[in-house]
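Before any comments, here is the structure.
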Amino acid sequence: MSILIAYDGSADSRAAIEFAAKHLAAEPVVVVTVWEPLLVQLRRYPLADVAAIKDGADEWRELAEEHAKEGADLARASGIAEVTHRAVADRESIWKTIVDVADELDASLIVTGSRGLSEARSVLLGSVSNHVLHHARRPTLIVPPQPRTS
């Protein structure tokens, strides 16, 4: 069994990794970054200007891989010993991809921040963490935003 941590590079996803490292028992961790291929974006937003949506699946995949590696590096720096990372293409929705990967891994826990990089979209469609919480058939920990220091 392992712990799946959803990571998108946002402050909340960084806080989720740091929280997991500080408060959870030593279990292998898989840091997962989900990316949306162009065709998924066009299916979801059919009225979008195609030129406004960056093409290039390889670029998106590479960026997601960099984010996943960054999350794994952060997990190691936070004290988690056994960490792997994966960049996974979204075929339907980000939350469903996270739940599917957790099922595939038979993860003992899913950890996610309460808000990611797509905050404006989540107001309209519901947050990824909310959907994960309500659709995962396993324990889910949602780490709230960390207080801002001034």
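Numbering starts fresh at 1 for the residues of each chain in the structure tokens, the chains themselves are lettered A, B, ... in the order given, and ligands are numbered from 1 as they appear.
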
| request: For A:Ser78, work out the shell of residues within 12 Å, counting only C-alpha atoms and skipping chain neighbours fewer than 2 positions away, then give it as a list of chain:residue names. | output: A:Arg14, A:Ala15, A:Ala16, A:Ile17, A:Glu18, A:Phe19, A:Ala20, A:Ala21, A:Lys22, A:His23, A:Leu24, A:Gly71, A:Ala72, A:Asp73, A:Leu74, A:Ala75, A:Arg76, A:Ile80, A:Ala81, A:Glu82, A:Val83

Need to verify the contact set: stretch 64-69 of chain A, 7 Å, only C-alpha atoms, exclusion of same-chain residues closer than 6 positions in sequence. Can you return it as a PDB file with all heavy atoms, in the first residue's frame?
ATOM      1  N   TYR A   7      -0.493  16.593  -6.708  1.00  0.00           N
ATOM      2  CA  TYR A   7       0.382  17.770  -6.702  1.00  0.00           C
ATOM      3  C   TYR A   7       0.272  18.503  -8.024  1.00  0.00           C
ATOM      4  O   TYR A   7       0.404  17.905  -9.088  1.00  0.00           O
ATOM      5  CB  TYR A   7       1.832  17.322  -6.476  1.00  0.00           C
ATOM      6  CG  TYR A   7       2.803  18.475  -6.399  1.00  0.00           C
ATOM      7  CD1 TYR A   7       2.915  19.239  -5.251  1.00  0.00           C
ATOM      8  CD2 TYR A   7       3.588  18.819  -7.490  1.00  0.00           C
ATOM      9  CE1 TYR A   7       3.789  20.307  -5.176  1.00  0.00           C
ATOM     10  CE2 TYR A   7       4.468  19.884  -7.426  1.00  0.00           C
ATOM     11  CZ  TYR A   7       4.568  20.621  -6.271  1.00  0.00           C
ATOM     12  OH  TYR A   7       5.437  21.682  -6.210  1.00  0.00           O
ATOM     13  N   ASP A   8       0.021  19.822  -7.945  1.00  0.00           N
ATOM     14  CA  ASP A   8      -0.037  20.635  -9.167  1.00  0.00           C
ATOM     15  C   ASP A   8       0.890  21.849  -9.110  1.00  0.00           C
ATOM     16  O   ASP A   8       0.824  22.714  -9.957  1.00  0.00           O
ATOM     17  CB  ASP A   8      -1.476  21.062  -9.463  1.00  0.00           C
ATOM     18  CG  ASP A   8      -2.059  21.990  -8.406  1.00  0.00           C
ATOM     19  OD1 ASP A   8      -1.341  22.351  -7.447  1.00  0.00           O
ATOM     20  OD2 ASP A   8      -3.235  22.368  -8.533  1.00  0.00           O
ATOM     21  N   GLY A   9       1.721  21.918  -8.091  1.00  0.00           N
ATOM     22  CA  GLY A   9       2.648  23.044  -7.975  1.00  0.00           C
ATOM     23  C   GLY A   9       2.104  24.218  -7.182  1.00  0.00           C
ATOM     24  O   GLY A   9       2.832  25.168  -6.905  1.00  0.00           O
ATOM     25  N   VAL A  31       3.635  10.667  -5.716  1.00  0.00           N
ATOM     26  CA  VAL A  31       3.189  12.021  -6.029  1.00  0.00           C
ATOM     27  C   VAL A  31       2.664  11.989  -7.462  1.00  0.00           C
ATOM     28  O   VAL A  31       3.366  11.573  -8.378  1.00  0.00           O
ATOM     29  CB  VAL A  31       4.338  13.039  -5.891  1.00  0.00           C
ATOM     30  CG1 VAL A  31       3.892  14.418  -6.353  1.00  0.00           C
ATOM     31  CG2 VAL A  31       4.838  13.084  -4.451  1.00  0.00           C
ATOM     32  N   VAL A  32       1.408  12.416  -7.654  1.00  0.00           N
ATOM     33  CA  VAL A  32       0.764  12.343  -8.966  1.00  0.00           C
ATOM     34  C   VAL A  32       0.383  13.748  -9.431  1.00  0.00           C
ATOM     35  O   VAL A  32      -0.250  14.501  -8.698  1.00  0.00           O
ATOM     36  CB  VAL A  32      -0.501  11.463  -8.914  1.00  0.00           C
ATOM     37  CG1 VAL A  32      -1.249  11.503 -10.240  1.00  0.00           C
ATOM     38  CG2 VAL A  32      -0.129  10.026  -8.557  1.00  0.00           C
ATOM     39  N   THR A  33       0.781  14.066 -10.650  1.00  0.00           N
ATOM     40  CA  THR A  33       0.357  15.297 -11.311  1.00  0.00           C
ATOM     41  C   THR A  33      -0.481  14.890 -12.514  1.00  0.00           C
ATOM     42  O   THR A  33      -0.064  14.060 -13.316  1.00  0.00           O
ATOM     43  CB  THR A  33       1.566  16.126 -11.777  1.00  0.00           C
ATOM     44  OG1 THR A  33       2.308  16.534 -10.629  1.00  0.00           O
ATOM     45  CG2 THR A  33       1.134  17.352 -12.558  1.00  0.00           C
ATOM     46  N   VAL A  34      -1.677  15.449 -12.635  1.00  0.00           N
ATOM     47  CA  VAL A  34      -2.575  15.135 -13.747  1.00  0.00           C
ATOM     48  C   VAL A  34      -2.528  16.294 -14.731  1.00  0.00           C
ATOM     49  O   VAL A  34      -2.623  17.452 -14.349  1.00  0.00           O
ATOM     50  CB  VAL A  34      -4.018  14.916 -13.253  1.00  0.00           C
ATOM     51  CG1 VAL A  34      -4.948  14.611 -14.420  1.00  0.00           C
ATOM     52  CG2 VAL A  34      -4.067  13.789 -12.219  1.00  0.00           C
ATOM     53  N   TRP A  35      -2.365  15.968 -16.004  1.00  0.00           N
ATOM     54  CA  TRP A  35      -2.352  17.002 -17.046  1.00  0.00           C
ATOM     55  C   TRP A  35      -3.461  16.727 -18.046  1.00  0.00           C
ATOM     56  O   TRP A  35      -3.909  15.596 -18.208  1.00  0.00           O
ATOM     57  CB  TRP A  35      -0.987  17.084 -17.721  1.00  0.00           C
ATOM     58  CG  TRP A  35      -0.545  15.822 -18.409  1.00  0.00           C
ATOM     59  CD1 TRP A  35      -0.018  14.710 -17.827  1.00  0.00           C
ATOM     60  CD2 TRP A  35      -0.603  15.540 -19.803  1.00  0.00           C
ATOM     61  NE1 TRP A  35       0.253  13.764 -18.774  1.00  0.00           N
ATOM     62  CE2 TRP A  35      -0.085  14.241 -19.999  1.00  0.00           C
ATOM     63  CE3 TRP A  35      -1.025  16.269 -20.916  1.00  0.00           C
ATOM     64  CZ2 TRP A  35       0.021  13.649 -21.246  1.00  0.00           C
ATOM     65  CZ3 TRP A  35      -0.923  15.674 -22.165  1.00  0.00           C
ATOM     66  CH2 TRP A  35      -0.401  14.384 -22.324  1.00  0.00           C
ATOM     67  N   HIS A  85       7.124   9.319  -8.402  1.00  0.00           N
ATOM     68  CA  HIS A  85       6.226  10.323  -8.979  1.00  0.00           C
ATOM     69  C   HIS A  85       5.729   9.846 -10.340  1.00  0.00           C
ATOM     70  O   HIS A  85       6.378   9.045 -11.001  1.00  0.00           O
ATOM     71  CB  HIS A  85       6.914  11.693  -9.093  1.00  0.00           C
ATOM     72  CG  HIS A  85       8.056  11.712 -10.061  1.00  0.00           C
ATOM     73  ND1 HIS A  85       9.315  11.303  -9.722  1.00  0.00           N
ATOM     74  CD2 HIS A  85       8.108  12.101 -11.350  1.00  0.00           C
ATOM     75  CE1 HIS A  85      10.123  11.440 -10.761  1.00  0.00           C
ATOM     76  NE2 HIS A  85       9.401  11.921 -11.765  1.00  0.00           N
ATOM     77  N   ARG A  86       4.558  10.362 -10.708  1.00  0.00           N
ATOM     78  CA  ARG A  86       3.945  10.024 -11.989  1.00  0.00           C
ATOM     79  C   ARG A  86       3.228  11.236 -12.551  1.00  0.00           C
ATOM     80  O   ARG A  86       2.588  11.971 -11.817  1.00  0.00           O
ATOM     81  CB  ARG A  86       2.895   8.916 -11.817  1.00  0.00           C
ATOM     82  CG  ARG A  86       3.452   7.581 -11.448  1.00  0.00           C
ATOM     83  CD  ARG A  86       2.380   6.573 -11.119  1.00  0.00           C
ATOM     84  NE  ARG A  86       1.505   6.296 -12.250  1.00  0.00           N
ATOM     85  CZ  ARG A  86       0.536   5.383 -12.210  1.00  0.00           C
ATOM     86  NH1 ARG A  86       0.320   4.693 -11.104  1.00  0.00           N
ATOM     87  NH2 ARG A  86      -0.217   5.172 -13.258  1.00  0.00           N
ATOM     88  N   ALA A  87       3.327  11.424 -13.855  1.00  0.00           N
ATOM     89  CA  ALA A  87       2.502  12.395 -14.571  1.00  0.00           C
ATOM     90  C   ALA A  87       1.473  11.577 -15.345  1.00  0.00           C
ATOM     91  O   ALA A  87       1.833  10.665 -16.090  1.00  0.00           O
ATOM     92  CB  ALA A  87       3.347  13.232 -15.515  1.00  0.00           C
TER      93      ALA A  87
END

| By how many Å are atom CA of A:Thr140 and atom CA of A:Val128 apart? |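 Computing the Euclidean distance for atom CA of A:Thr140 and atom CA of A:Val128 yields 12.2 Å.
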
| query | A:Asp106: which residues within 9 Å, counting only C-alpha atoms, same-chain residues fewer than 2 positions away excluded, as a PyMOL selection string? | reply | chain A and resi 1-3+101-104+108-109+138

| remark: re atom CA of A:Asp12 and atom CA of A:Glu59: distance 24.0 Å

| To one decimal place, how far is atom CA of A:Leu4 from atom CA of A:Ile110 in Å? |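 A separation of 4.9 Å between them.
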
| Nearby residues (only C-alpha atoms) at most 8 Å from A:Ser129, same-chain spacing under 4 positions excluded, as a count of residues only | 7
